[in-house]
>>> print(open('final_21.txt').read())   # compact mmCIF, C-alpha atoms and all ligand atoms
# COMPACT_ATOMS: atom_id res chain seq x y z
CA MET A 1 111.49 42.27 110.45
CA LYS A 2 113.53 44.03 113.14
CA ASN A 3 113.41 47.65 111.95
CA PHE A 4 111.75 49.32 108.97
CA ILE A 5 114.07 52.01 107.67
CA SER A 6 114.33 51.14 103.98
CA VAL A 7 113.47 48.47 101.43
CA ASN A 8 116.58 46.62 102.60
CA ASP A 9 114.65 45.61 105.73
CA VAL A 10 112.12 43.71 103.63
CA THR A 11 112.90 40.15 102.57
CA ASN A 12 109.88 39.72 100.27
CA ILE A 13 108.18 42.83 98.87
CA ASP A 14 105.39 40.85 97.18
CA ALA A 15 104.53 39.03 100.40
CA LEU A 16 104.40 42.34 102.30
CA VAL A 17 102.17 43.88 99.61
CA GLN A 18 99.82 40.88 99.73
CA LYS A 19 99.74 41.10 103.52
CA ALA A 20 98.75 44.77 103.29
CA LEU A 21 96.01 43.96 100.77
CA ALA A 22 94.75 41.19 103.07
CA TYR A 23 94.48 43.77 105.87
CA LYS A 24 92.60 46.06 103.52
CA ALA A 25 90.11 43.24 102.91
CA ASP A 26 89.85 42.37 106.61
CA PRO A 27 91.30 45.16 108.82
CA PHE A 28 90.70 43.44 112.17
CA LYS A 29 91.85 39.91 111.37
CA ASP A 30 94.86 40.33 113.68
CA LYS A 31 93.14 42.57 116.21
CA THR A 32 94.82 40.92 119.20
CA LEU A 33 98.35 40.67 117.77
CA GLY A 34 99.36 43.92 119.47
CA THR A 35 97.39 43.55 122.71
CA ASN A 36 99.34 45.10 125.61
CA LYS A 37 101.89 46.53 123.17
CA ARG A 38 102.54 50.24 122.71
CA ILE A 39 103.96 52.20 119.81
CA GLY A 40 105.48 55.65 120.30
CA CYS A 41 105.17 57.88 117.24
CA LEU A 42 107.69 60.70 117.42
CA PHE A 43 107.30 63.62 115.06
CA LEU A 44 110.16 66.04 114.65
CA ASN A 45 108.31 67.45 111.63
CA PRO A 46 104.69 67.95 110.48
CA SER A 47 102.48 65.17 109.11
CA MET A 48 98.87 64.31 108.44
CA ARG A 49 98.71 61.01 106.53
CA THR A 50 101.66 59.29 108.18
CA ARG A 51 100.55 60.22 111.66
CA LEU A 52 96.90 59.19 111.29
CA SER A 53 97.46 56.06 109.22
CA THR A 54 100.11 54.74 111.62
CA GLN A 55 97.84 55.27 114.60
CA ILE A 56 94.92 53.57 112.85
CA ALA A 57 97.14 50.68 111.75
CA ALA A 58 98.42 50.19 115.30
CA GLN A 59 94.90 50.28 116.71
CA ASN A 60 93.69 47.74 114.12
CA LEU A 61 96.32 45.39 115.56
CA GLY A 62 95.20 46.09 119.12
CA MET A 63 98.21 48.30 119.99
CA ASP A 64 98.14 51.55 121.91
CA ALA A 65 99.60 54.41 119.90
CA ILE A 66 101.04 57.47 121.60
CA VAL A 67 102.00 60.45 119.46
CA PHE A 68 104.65 62.86 120.70
CA ASN A 69 105.42 65.99 118.68
CA VAL A 70 109.04 66.11 119.76
CA GLY A 71 109.86 68.82 117.25
CA SER A 72 107.38 71.34 118.66
CA GLU A 73 106.60 70.09 122.19
CA GLY A 74 109.65 68.17 123.39
CA TRP A 75 113.14 69.12 124.49
CA ALA A 76 115.42 69.97 121.60
CA LEU A 77 117.42 66.80 120.93
CA GLU A 78 121.15 66.54 120.28
CA PHE A 79 122.25 63.74 117.94
CA GLU A 80 126.03 64.24 117.57
CA GLU A 81 128.26 61.96 119.63
CA GLU A 82 130.50 63.74 122.15
CA ALA A 83 128.68 67.03 121.55
CA ILE A 84 129.40 69.87 123.98
CA MET A 85 125.80 70.85 124.56
CA SER A 86 126.29 74.55 125.17
CA GLY A 87 123.98 75.56 122.28
CA SER A 88 120.23 75.18 121.79
CA THR A 89 119.92 71.40 122.26
CA VAL A 90 118.74 70.30 125.70
CA GLU A 91 118.75 66.50 125.76
CA HIS A 92 120.97 63.96 124.02
CA VAL A 93 119.34 61.18 122.04
CA LYS A 94 121.49 58.68 123.98
CA ASP A 95 119.62 59.76 127.13
CA ALA A 96 116.15 60.14 125.58
CA ALA A 97 116.01 57.08 123.29
CA PRO A 98 116.63 54.39 125.96
CA ILE A 99 113.78 55.87 128.03
CA MET A 100 111.48 55.62 125.04
CA GLY A 101 112.73 52.07 124.65
CA LYS A 102 111.35 51.39 128.13
CA TYR A 103 108.03 53.17 127.56
CA PHE A 104 107.29 51.58 124.18
CA ASP A 105 107.53 48.27 122.35
CA VAL A 106 108.02 49.90 118.94
CA LEU A 107 109.29 53.39 118.16
CA ALA A 108 108.29 55.22 114.98
CA ILE A 109 110.04 58.44 113.99
CA ARG A 110 109.63 61.21 111.43
CA THR A 111 112.52 63.51 110.71
CA PHE A 112 113.29 65.72 107.72
CA PRO A 113 116.64 66.69 106.20
CA SER A 114 118.12 70.12 106.82
CA LEU A 115 118.82 70.48 103.06
CA LYS A 116 121.90 72.46 104.09
CA ASN A 117 124.56 69.77 104.30
CA ARG A 118 124.20 66.74 102.03
CA GLU A 119 126.74 64.63 103.86
CA ASP A 120 124.99 65.15 107.17
CA ASP A 121 121.53 64.47 105.78
CA TYR A 122 122.61 61.40 103.84
CA SER A 123 124.35 59.99 106.91
CA GLU A 124 120.84 59.51 108.40
CA LEU A 125 122.25 60.32 111.82
CA PHE A 126 118.89 61.00 113.51
CA ILE A 127 117.22 57.70 112.72
CA LYS A 128 120.46 55.73 113.16
CA GLN A 129 120.92 57.17 116.64
CA PHE A 130 117.39 56.10 117.61
CA VAL A 131 118.10 52.60 116.28
CA LYS A 132 121.38 52.55 118.22
CA TYR A 133 120.04 53.78 121.55
CA ALA A 134 116.32 52.84 121.78
CA GLY A 135 116.86 49.07 122.04
CA ILE A 136 113.46 48.36 120.44
CA PRO A 137 112.35 48.11 116.78
CA VAL A 138 112.36 51.44 114.94
CA VAL A 139 110.03 52.32 112.07
CA SER A 140 110.79 55.24 109.77
CA LEU A 141 107.87 57.59 109.27
CA GLU A 142 110.16 59.41 106.78
CA SER A 143 113.80 60.12 107.38
CA ALA A 144 116.30 62.54 105.90
CA THR A 145 116.61 60.61 102.64
CA LEU A 146 113.84 57.99 102.47
CA HIS A 147 110.11 57.48 103.01
CA PRO A 148 109.66 53.70 103.03
CA LEU A 149 106.05 53.53 104.26
CA GLN A 150 105.08 55.84 101.41
CA SER A 151 106.91 53.71 98.86
CA LEU A 152 105.39 50.48 100.16
CA THR A 153 101.99 52.16 99.85
CA ASP A 154 102.81 53.22 96.31
CA ILE A 155 103.63 49.65 95.29
CA ILE A 156 100.49 48.37 97.04
CA THR A 157 98.47 50.86 95.01
CA ILE A 158 100.16 49.93 91.73
CA GLU A 159 99.63 46.23 92.46
CA GLU A 160 96.00 46.84 93.38
CA GLU A 161 95.42 48.67 90.11
CA ASN A 162 97.19 45.91 88.18
CA GLN A 163 94.95 43.31 89.72
CA LYS A 164 91.91 45.37 88.72
CA SER A 165 92.99 46.02 85.16
CA LYS A 166 94.69 42.65 84.63
CA ILE A 167 97.69 44.15 82.84
CA LYS A 168 99.98 42.14 85.11
CA SER A 169 101.55 40.04 82.41
CA GLN A 170 102.76 43.01 80.38
CA LYS A 171 105.86 45.03 81.04
CA LEU A 172 104.67 47.91 83.19
CA LYS A 173 105.98 51.35 82.40
CA ILE A 174 106.32 53.39 85.57
CA VAL A 175 107.50 56.99 85.26
CA LEU A 176 108.71 59.19 88.08
CA THR A 177 108.50 62.79 86.96
CA TRP A 178 109.87 65.87 88.67
CA ALA A 179 107.35 68.72 89.04
CA PRO A 180 107.74 72.40 89.92
CA HIS A 181 107.33 73.70 93.46
CA VAL A 182 107.73 76.98 95.32
CA LYS A 183 109.94 75.52 98.07
CA ALA A 184 113.10 73.44 98.14
CA LEU A 185 111.83 69.98 99.12
CA PRO A 186 113.66 66.84 100.28
CA GLN A 187 114.60 64.05 97.87
CA CYS A 188 113.14 61.41 100.24
CA VAL A 189 110.02 60.40 98.35
CA ALA A 190 111.77 60.28 94.97
CA ASN A 191 114.79 58.40 96.40
CA SER A 192 112.57 55.93 98.18
CA PHE A 193 110.19 55.39 95.25
CA SER A 194 113.21 54.72 93.01
CA GLN A 195 114.77 52.35 95.51
CA TRP A 196 111.55 50.35 95.97
CA ILE A 197 110.59 50.21 92.29
CA ASN A 198 114.08 49.03 91.38
CA ALA A 199 113.98 46.41 94.14
CA TRP A 200 110.47 45.37 93.13
CA GLY A 201 111.66 44.90 89.56
CA ARG A 202 114.71 42.94 90.69
CA ARG A 203 112.62 40.50 92.74
CA LEU A 204 111.61 38.99 89.41
CA THR A 205 114.17 37.03 87.44
CA PRO A 206 117.04 39.23 86.22
CA ALA A 207 115.49 39.23 82.73
CA LEU A 208 112.33 40.73 84.20
CA SER A 209 114.00 43.40 86.29
CA THR A 210 113.77 47.15 85.75
CA GLY A 211 115.38 48.29 82.57
CA GLY A 212 114.77 49.52 79.08
CA GLU A 213 111.82 49.05 76.78
CA GLY A 214 113.48 46.25 74.85
CA GLU A 215 113.23 43.73 77.65
CA GLU A 216 110.26 41.43 78.11
CA GLY A 217 107.99 41.53 81.16
CA GLY A 218 108.86 43.21 84.48
CA ILE A 219 109.06 46.96 84.91
CA ASN A 220 110.27 49.69 82.59
CA PHE A 221 111.16 52.34 85.16
CA VAL A 222 111.89 55.81 83.81
CA ILE A 223 112.84 58.90 85.80
CA THR A 224 112.47 62.29 84.13
CA HIS A 225 113.57 65.66 85.45
CA PRO A 226 115.17 68.88 84.25
CA GLU A 227 118.96 69.10 84.14
CA ASP A 228 120.54 69.64 87.58
CA TYR A 229 117.90 67.55 89.41
CA GLU A 230 119.78 64.22 89.24
CA LEU A 231 119.08 62.04 92.26
CA SER A 232 121.65 59.89 94.03
CA GLU A 233 122.65 56.88 91.93
CA GLN A 234 122.49 54.67 95.00
CA PHE A 235 118.69 54.79 94.63
CA THR A 236 118.13 55.32 90.90
CA LYS A 237 120.55 52.73 89.48
CA GLY A 238 118.51 50.46 87.20
CA ALA A 239 116.16 53.17 85.97
CA THR A 240 116.31 54.95 82.62
CA ILE A 241 116.90 58.65 83.23
CA THR A 242 115.92 61.36 80.75
CA HIS A 243 115.47 65.13 80.69
CA ASP A 244 112.77 64.76 78.01
CA GLN A 245 109.49 64.53 79.91
CA ASP A 246 107.33 63.98 76.82
CA GLU A 247 109.52 61.07 75.73
CA ALA A 248 109.37 59.59 79.22
CA LEU A 249 105.58 59.82 79.39
CA LYS A 250 105.03 57.92 76.13
CA GLY A 251 103.18 54.67 76.86
CA ALA A 252 103.40 55.08 80.66
CA ASP A 253 101.01 52.99 82.77
CA PHE A 254 101.72 54.90 86.00
CA VAL A 255 103.07 58.41 86.41
CA TYR A 256 104.39 59.35 89.84
CA VAL A 257 104.61 63.11 90.24
CA LYS A 258 106.93 64.70 92.80
CA ASN A 259 109.10 67.71 93.29
CA TRP A 260 112.57 67.49 94.79
CA SER A 261 115.39 69.96 95.23
CA THR A 262 118.86 69.52 93.73
CA TYR A 263 121.11 66.74 95.01
CA THR A 264 124.49 67.72 93.54
CA ASP A 265 124.48 71.42 94.48
CA TYR A 266 122.50 70.35 97.49
CA GLY A 267 119.02 71.57 98.43
CA LYS A 268 118.59 74.24 95.77
CA ILE A 269 115.89 75.19 93.29
CA TYR A 270 117.33 75.66 89.79
CA CYS A 271 114.88 75.40 86.89
CA ASN A 272 111.28 75.72 88.08
CA ASP A 273 109.68 75.62 84.64
CA PRO A 274 105.85 75.43 84.95
CA GLU A 275 105.86 73.39 81.73
CA TRP A 276 106.91 70.42 83.84
CA MET A 277 103.51 70.34 85.60
CA LEU A 278 101.48 67.33 84.44
CA THR A 279 98.30 68.25 82.52
CA ASN A 280 95.62 66.31 80.66
CA GLU A 281 97.36 67.23 77.41
CA LYS A 282 100.57 65.56 78.58
CA LEU A 283 98.59 62.59 79.84
CA GLN A 284 97.53 61.94 76.25
CA LEU A 285 101.08 60.71 75.64
CA THR A 286 100.64 57.90 78.15
CA ASN A 287 98.82 54.58 78.11
CA ASN A 288 95.93 56.31 79.91
CA ALA A 289 98.27 56.34 82.90
CA LYS A 290 97.16 56.43 86.49
CA VAL A 291 98.66 59.40 88.28
CA MET A 292 100.16 59.20 91.74
CA HIS A 293 101.46 61.70 94.30
CA CYS A 294 102.27 61.18 97.97
CA LEU A 295 100.50 64.40 99.08
CA PRO A 296 100.42 67.11 100.28
CA VAL A 297 100.43 68.68 96.82
CA ARG A 298 100.53 72.30 95.69
CA ARG A 299 97.62 72.44 93.25
CA ASN A 300 98.30 74.05 89.91
CA VAL A 301 101.97 74.35 90.75
CA GLU A 302 103.08 70.75 91.23
CA LEU A 303 100.02 69.04 89.75
CA SER A 304 97.01 70.47 87.89
CA ASP A 305 93.42 70.51 89.16
CA GLU A 306 92.32 68.71 86.01
CA ILE A 307 94.56 65.74 86.84
CA LEU A 308 93.93 65.70 90.58
CA ASP A 309 90.16 65.93 90.13
CA GLY A 310 90.09 63.67 87.08
CA PRO A 311 89.51 59.93 86.64
CA ASN A 312 93.20 59.02 86.36
CA SER A 313 94.19 60.30 89.79
CA LEU A 314 94.99 57.67 92.42
CA VAL A 315 95.98 60.10 95.15
CA THR A 316 93.11 59.44 97.58
CA GLN A 317 93.32 55.66 97.12
CA GLU A 318 97.08 55.92 97.57
CA ALA A 319 96.79 57.92 100.80
CA SER A 320 94.12 55.58 102.16
CA ASN A 321 96.44 52.64 101.50
CA ARG A 322 98.91 54.15 103.95
CA VAL A 323 96.95 52.38 106.72
CA TRP A 324 97.48 48.92 105.21
CA ALA A 325 101.16 49.53 104.54
CA ALA A 326 101.72 50.56 108.15
CA GLN A 327 99.61 47.67 109.42
CA ALA A 328 101.58 45.11 107.39
CA VAL A 329 104.90 46.51 108.66
CA LEU A 330 103.81 46.67 112.31
CA SER A 331 102.43 43.17 112.04
CA GLU A 332 105.78 41.86 110.75
CA ILE A 333 107.61 43.62 113.57
CA LEU A 334 105.23 42.32 116.25
CA LYS A 335 105.49 38.77 114.92
CA ALA A 336 109.29 38.98 114.92
CA LYS A 337 109.27 40.25 118.51
CA SER A 338 106.99 37.54 119.86
N1 LIG A 401 102.70 61.57 102.28
C1 LIG A 401 102.94 61.90 103.55
O1 LIG A 401 103.90 61.45 104.17
O2 LIG A 401 102.03 62.76 104.08
P1 LIG A 401 102.17 63.47 105.49
O3 LIG A 401 103.38 64.39 105.40
O4 LIG A 401 100.89 64.23 105.68
O5 LIG A 401 102.38 62.44 106.54
>>> encode(input="final_21.txt", output="structure tokens")
Amino acid sequence: MKNFISVNDVTNIDALVQKALAYKADPFKDKTLGTNKRIGCLFLNPSMRTRLSTQIAAQNLGMDAIVFNVGSEGWALEFEEEAIMSGSTVEHVKDAAPIMGKYFDVLAIRTFPSLKNREDDYSELFIKQFVKYAGIPVVSLESATLHPLQSLTDIITIEEENQKSKIKSQKLKIVLTWAPHVKALPQCVANSFSQWINAWGRRLTPALSTGGEGEEGGINFVITHPEDYELSEQFTKGATITHDQDEALKGADFVYVKNWSTYTDYGKIYCNDPEWMLTNEKLQLTNNAKVMHCLPVRRNVELSDEILDGPNSLVTQEASNRVWAAQAVLSEILKAKS
């Protein structure tokens, strides 16, 4: 693996998931793999889980991890080619990134979208410029449109639960449901979850890929949201999409809860109906579904206390699995470099 920007950088999702679970069972089994190697973790935006889990993962592999809060402590970076830098930006990424490429062996970056201009955000200019100019492997810690380490973690968690409950042979129903929120949030987590679940379904034979209830085996992936919250087809294609949340929840094995702002009329909040918040009553419609969320979560807005504090919530397990996802990815990158 050269870079880790999206699921397209992964040749075998199952193998990566198993590698992560092997690290969970034995965190220090490759404790010298990263000896004398250094990862730079650049944060243009806030983080708790991604920051800490990536550092722990790197340290488990024997790497040094240096965190730099570029967004709040560094020079304001310019990303546009041929920019006339007479505004607020101080340093061009084509000057900064090659230096980081000399300081570090791997560069990991978190950026968020502006939610002002869809074309700009979906061009993924920030992360692409780091890939172009750093000259070392780049790992996304969440970009303008995707959050691949989160999605890998989500699949690890689903797989782990499957292994526990031994429902592997059945067709899994996985539902991604929109939830209300007070702020306009990025589409990254929902895009990325959709992209990974679709790819995970497709890694089976075509007959077992994501699709409707009628098919045997594989994954029945359903996305539900109010009208106007359609995500980009480039990520959702393969899923069943419905505006009827109750219908979507029927028989679900896993329910992934997340808010996102509008994609078409970009970055807006339209409907914010509190009825879309998942409750125990709604959970009755499911196959005693496990409930997932990437966190942070607005309690009793996006997801109810009764779910988060109840037996079906996987959120802490999911967040703790972030370490093993990051460790598996860094391990693949280190092995490819050596
Ligand atoms: N889920 C997630 O990425 O959390 P942080 O924003 O805290 O890193």
>>> closest_atom_pairs(input="final_21.txt", of="chain A", to="ligand LIG 401 (chain A)", cutoff="9 Å", atoms="all atoms listed in the file", output="CSV")
residue,atom,partner,partner_atom,distance
A:Asn45,CA,A:LIG401,O3,8.5
A:Pro46,CA,A:LIG401,O3,6.3
A:Ser47,CA,A:LIG401,O5,3.8
A:Met48,CA,A:LIG401,O4,3.4
A:Arg49,CA,A:LIG401,O5,3.9
A:Thr50,CA,A:LIG401,O5,3.6
A:Arg51,CA,A:LIG401,O5,5.9
A:Leu52,CA,A:LIG401,O5,7.9
A:Ser53,CA,A:LIG401,O5,8.5
A:Arg110,CA,A:LIG401,O5,8.8
A:Leu141,CA,A:LIG401,O1,7.5
A:Glu142,CA,A:LIG401,O1,7.1
A:His147,CA,A:LIG401,O1,7.5
A:Leu149,CA,A:LIG401,O1,8.2
A:Gln150,CA,A:LIG401,N1,6.3
A:Val189,CA,A:LIG401,N1,8.4
A:His293,CA,A:LIG401,N1,8.1
A:Cys294,CA,A:LIG401,N1,4.3
A:Leu295,CA,A:LIG401,N1,4.8
A:Pro296,CA,A:LIG401,O2,6.0
A:Ala319,CA,A:LIG401,N1,7.1
A:Arg322,CA,A:LIG401,N1,8.5
>>> atom_distance(input="final_21.txt", atom1="CA of Lys250 in chain A", atom2="CA of Val315 in chain A")
21.2 Å
>>> atom_distance(input="final_21.txt", atom1="CA of Trp75 in chain A", atom2="CA of Glu91 in chain A")
6.3 Å
>>> atom_distance(input="final_21.txt", atom1="CA of Ala134 in chain A", atom2="CA of Ala199 in chain A")
28.5 Å
>>> closest_residue(input="final_21.txt", among="A:Asp265, A:Glu80, A:Glu124, A:Glu318", to="Glu230 in chain A", atoms="only C-alpha atoms")
A:Asp265
>>> closest_residue(input="final_21.txt", among="A:Gln284, A:Asn312, A:Asn3, A:Ser304", to="Val131 in chain A", atoms="only C-alpha atoms")
A:Asn3
>>> residues_around(input="final_21.txt", residues="Val257 in chain A", least_positions_apart="4", cutoff="9 Å", atoms="all atoms listed in the file", output="list in words")
Val175, Leu176, Thr177, Trp178, Ala179, Met277, Leu278, Val291, Met292, His293, Cys294, Glu302 and Leu303 of chain A
>>> closest_residue(input="final_21.txt", among="A:Ile39, A:Asn220, A:Val182, A:Glu227", to="Arg299 in chain A", atoms="all atoms listed in the file")
A:Val182
>>> closest_residue(input="final_21.txt", among="A:Ala289, A:Val222, A:Leu231, A:Ala57", to="Gln187 in chain A", atoms="all atoms listed in the file")
A:Leu231
>>> closest_residue(input="final_21.txt", among="A:Gln129, A:Thr153, A:Asn69, A:Asn300", to="Leu21 in chain A", atoms="only C-alpha atoms")
A:Thr153
>>> residues_around(input="final_21.txt", residues="Ser192 in chain A", least_positions_apart="5", cutoff="7 Å", atoms="all atoms listed in the file", output="list of chain:residue names")
A:Leu146, A:His147, A:Pro148, A:Ser151
>>> closest_residue(input="final_21.txt", among="A:Val93, A:Ile219, A:Ile158, A:Ala65", to="Lys290 in chain A", atoms="only C-alpha atoms")
A:Ile158
>>> residues_near_point(input="final_21.txt", point="(93.7, 50.7, 107.6)", cutoff="10 Å", atoms="all atoms listed in the file", output="PyMOL selection string")
chain A and resi 20-21+23-28+52-61+320-328
>>> residues_near_point(input="final_21.txt", point="(117.4, 56.9, 111.4)", cutoff="8 Å", atoms="all atoms listed in the file", output="number ranges by chain")
A: 5, 109, 124-131, 140, 143-144
>>> write_last_selection(input="final_21.txt", atoms="C-alpha atoms", output="PDB file, in the frame of the given file")
ATOM      1  CA  ILE A   5     114.070  52.010 107.670  1.00  0.00           C
ATOM      2  CA  ILE A 109     110.040  58.440 113.990  1.00  0.00           C
ATOM      3  CA  GLU A 124     120.840  59.510 108.400  1.00  0.00           C
ATOM      4  CA  LEU A 125     122.250  60.320 111.820  1.00  0.00           C
ATOM      5  CA  PHE A 126     118.890  61.000 113.510  1.00  0.00           C
ATOM      6  CA  ILE A 127     117.220  57.700 112.720  1.00  0.00           C
ATOM      7  CA  LYS A 128     120.460  55.730 113.160  1.00  0.00           C
ATOM      8  CA  GLN A 129     120.920  57.170 116.640  1.00  0.00           C
ATOM      9  CA  PHE A 130     117.390  56.100 117.610  1.00  0.00           C
ATOM     10  CA  VAL A 131     118.100  52.600 116.280  1.00  0.00           C
ATOM     11  CA  SER A 140     110.790  55.240 109.770  1.00  0.00           C
ATOM     12  CA  SER A 143     113.800  60.120 107.380  1.00  0.00           C
ATOM     13  CA  ALA A 144     116.300  62.540 105.900  1.00  0.00           C
TER      14      ALA A 144
END
>>> decode(input="final_21.txt", residues="range 216-230 of chain A", atoms="N, CA, C and O atoms", output="compact mmCIF listing (two decimals), in the first residue's frame")
# COMPACT_ATOMS: atom_id res chain seq x y z
N GLU A 216 -29.33 -13.74 -2.35
CA GLU A 216 -28.85 -14.63 -1.28
C GLU A 216 -27.48 -14.17 -0.80
O GLU A 216 -26.66 -13.75 -1.59
N GLY A 217 -27.23 -14.33 0.51
CA GLY A 217 -25.91 -14.07 1.06
C GLY A 217 -25.50 -12.61 0.94
O GLY A 217 -26.27 -11.74 0.56
N GLY A 218 -24.22 -12.32 1.27
CA GLY A 218 -23.68 -10.97 1.07
C GLY A 218 -24.29 -9.93 1.99
O GLY A 218 -24.63 -10.20 3.13
N ILE A 219 -24.42 -8.73 1.46
CA ILE A 219 -24.85 -7.59 2.27
C ILE A 219 -26.04 -6.91 1.61
O ILE A 219 -26.01 -6.61 0.42
N ASN A 220 -27.07 -6.67 2.40
CA ASN A 220 -28.19 -5.84 1.96
C ASN A 220 -27.95 -4.46 2.57
O ASN A 220 -28.19 -4.25 3.76
N PHE A 221 -27.43 -3.56 1.77
CA PHE A 221 -27.04 -2.23 2.26
C PHE A 221 -28.11 -1.22 1.90
O PHE A 221 -28.41 -1.02 0.72
N VAL A 222 -28.67 -0.59 2.94
CA VAL A 222 -29.76 0.36 2.75
C VAL A 222 -29.35 1.71 3.35
O VAL A 222 -28.84 1.76 4.48
N ILE A 223 -29.57 2.76 2.60
CA ILE A 223 -29.32 4.12 3.10
C ILE A 223 -30.66 4.82 3.22
O ILE A 223 -31.46 4.80 2.27
N THR A 224 -30.93 5.41 4.39
CA THR A 224 -32.19 6.13 4.56
C THR A 224 -31.93 7.54 5.06
O THR A 224 -31.09 7.76 5.94
N HIS A 225 -32.64 8.47 4.47
CA HIS A 225 -32.48 9.89 4.83
C HIS A 225 -33.71 10.65 4.37
O HIS A 225 -34.44 10.19 3.48
N PRO A 226 -33.95 11.84 4.92
CA PRO A 226 -35.06 12.65 4.43
C PRO A 226 -34.76 13.12 3.00
O PRO A 226 -33.61 13.12 2.56
N GLU A 227 -35.80 13.56 2.30
CA GLU A 227 -35.60 14.13 0.97
C GLU A 227 -34.59 15.26 1.07
O GLU A 227 -34.50 15.92 2.10
N ASP A 228 -33.87 15.50 0.03
CA ASP A 228 -32.85 16.57 -0.08
C ASP A 228 -31.50 16.21 0.52
O ASP A 228 -30.57 17.00 0.45
N TYR A 229 -31.38 15.02 1.15
CA TYR A 229 -30.09 14.65 1.74
C TYR A 229 -29.39 13.56 0.93
O TYR A 229 -28.53 12.85 1.47
N GLU A 230 -29.71 13.45 -0.36
CA GLU A 230 -29.05 12.46 -1.22
C GLU A 230 -27.54 12.68 -1.19
O GLU A 230 -27.07 13.83 -1.28
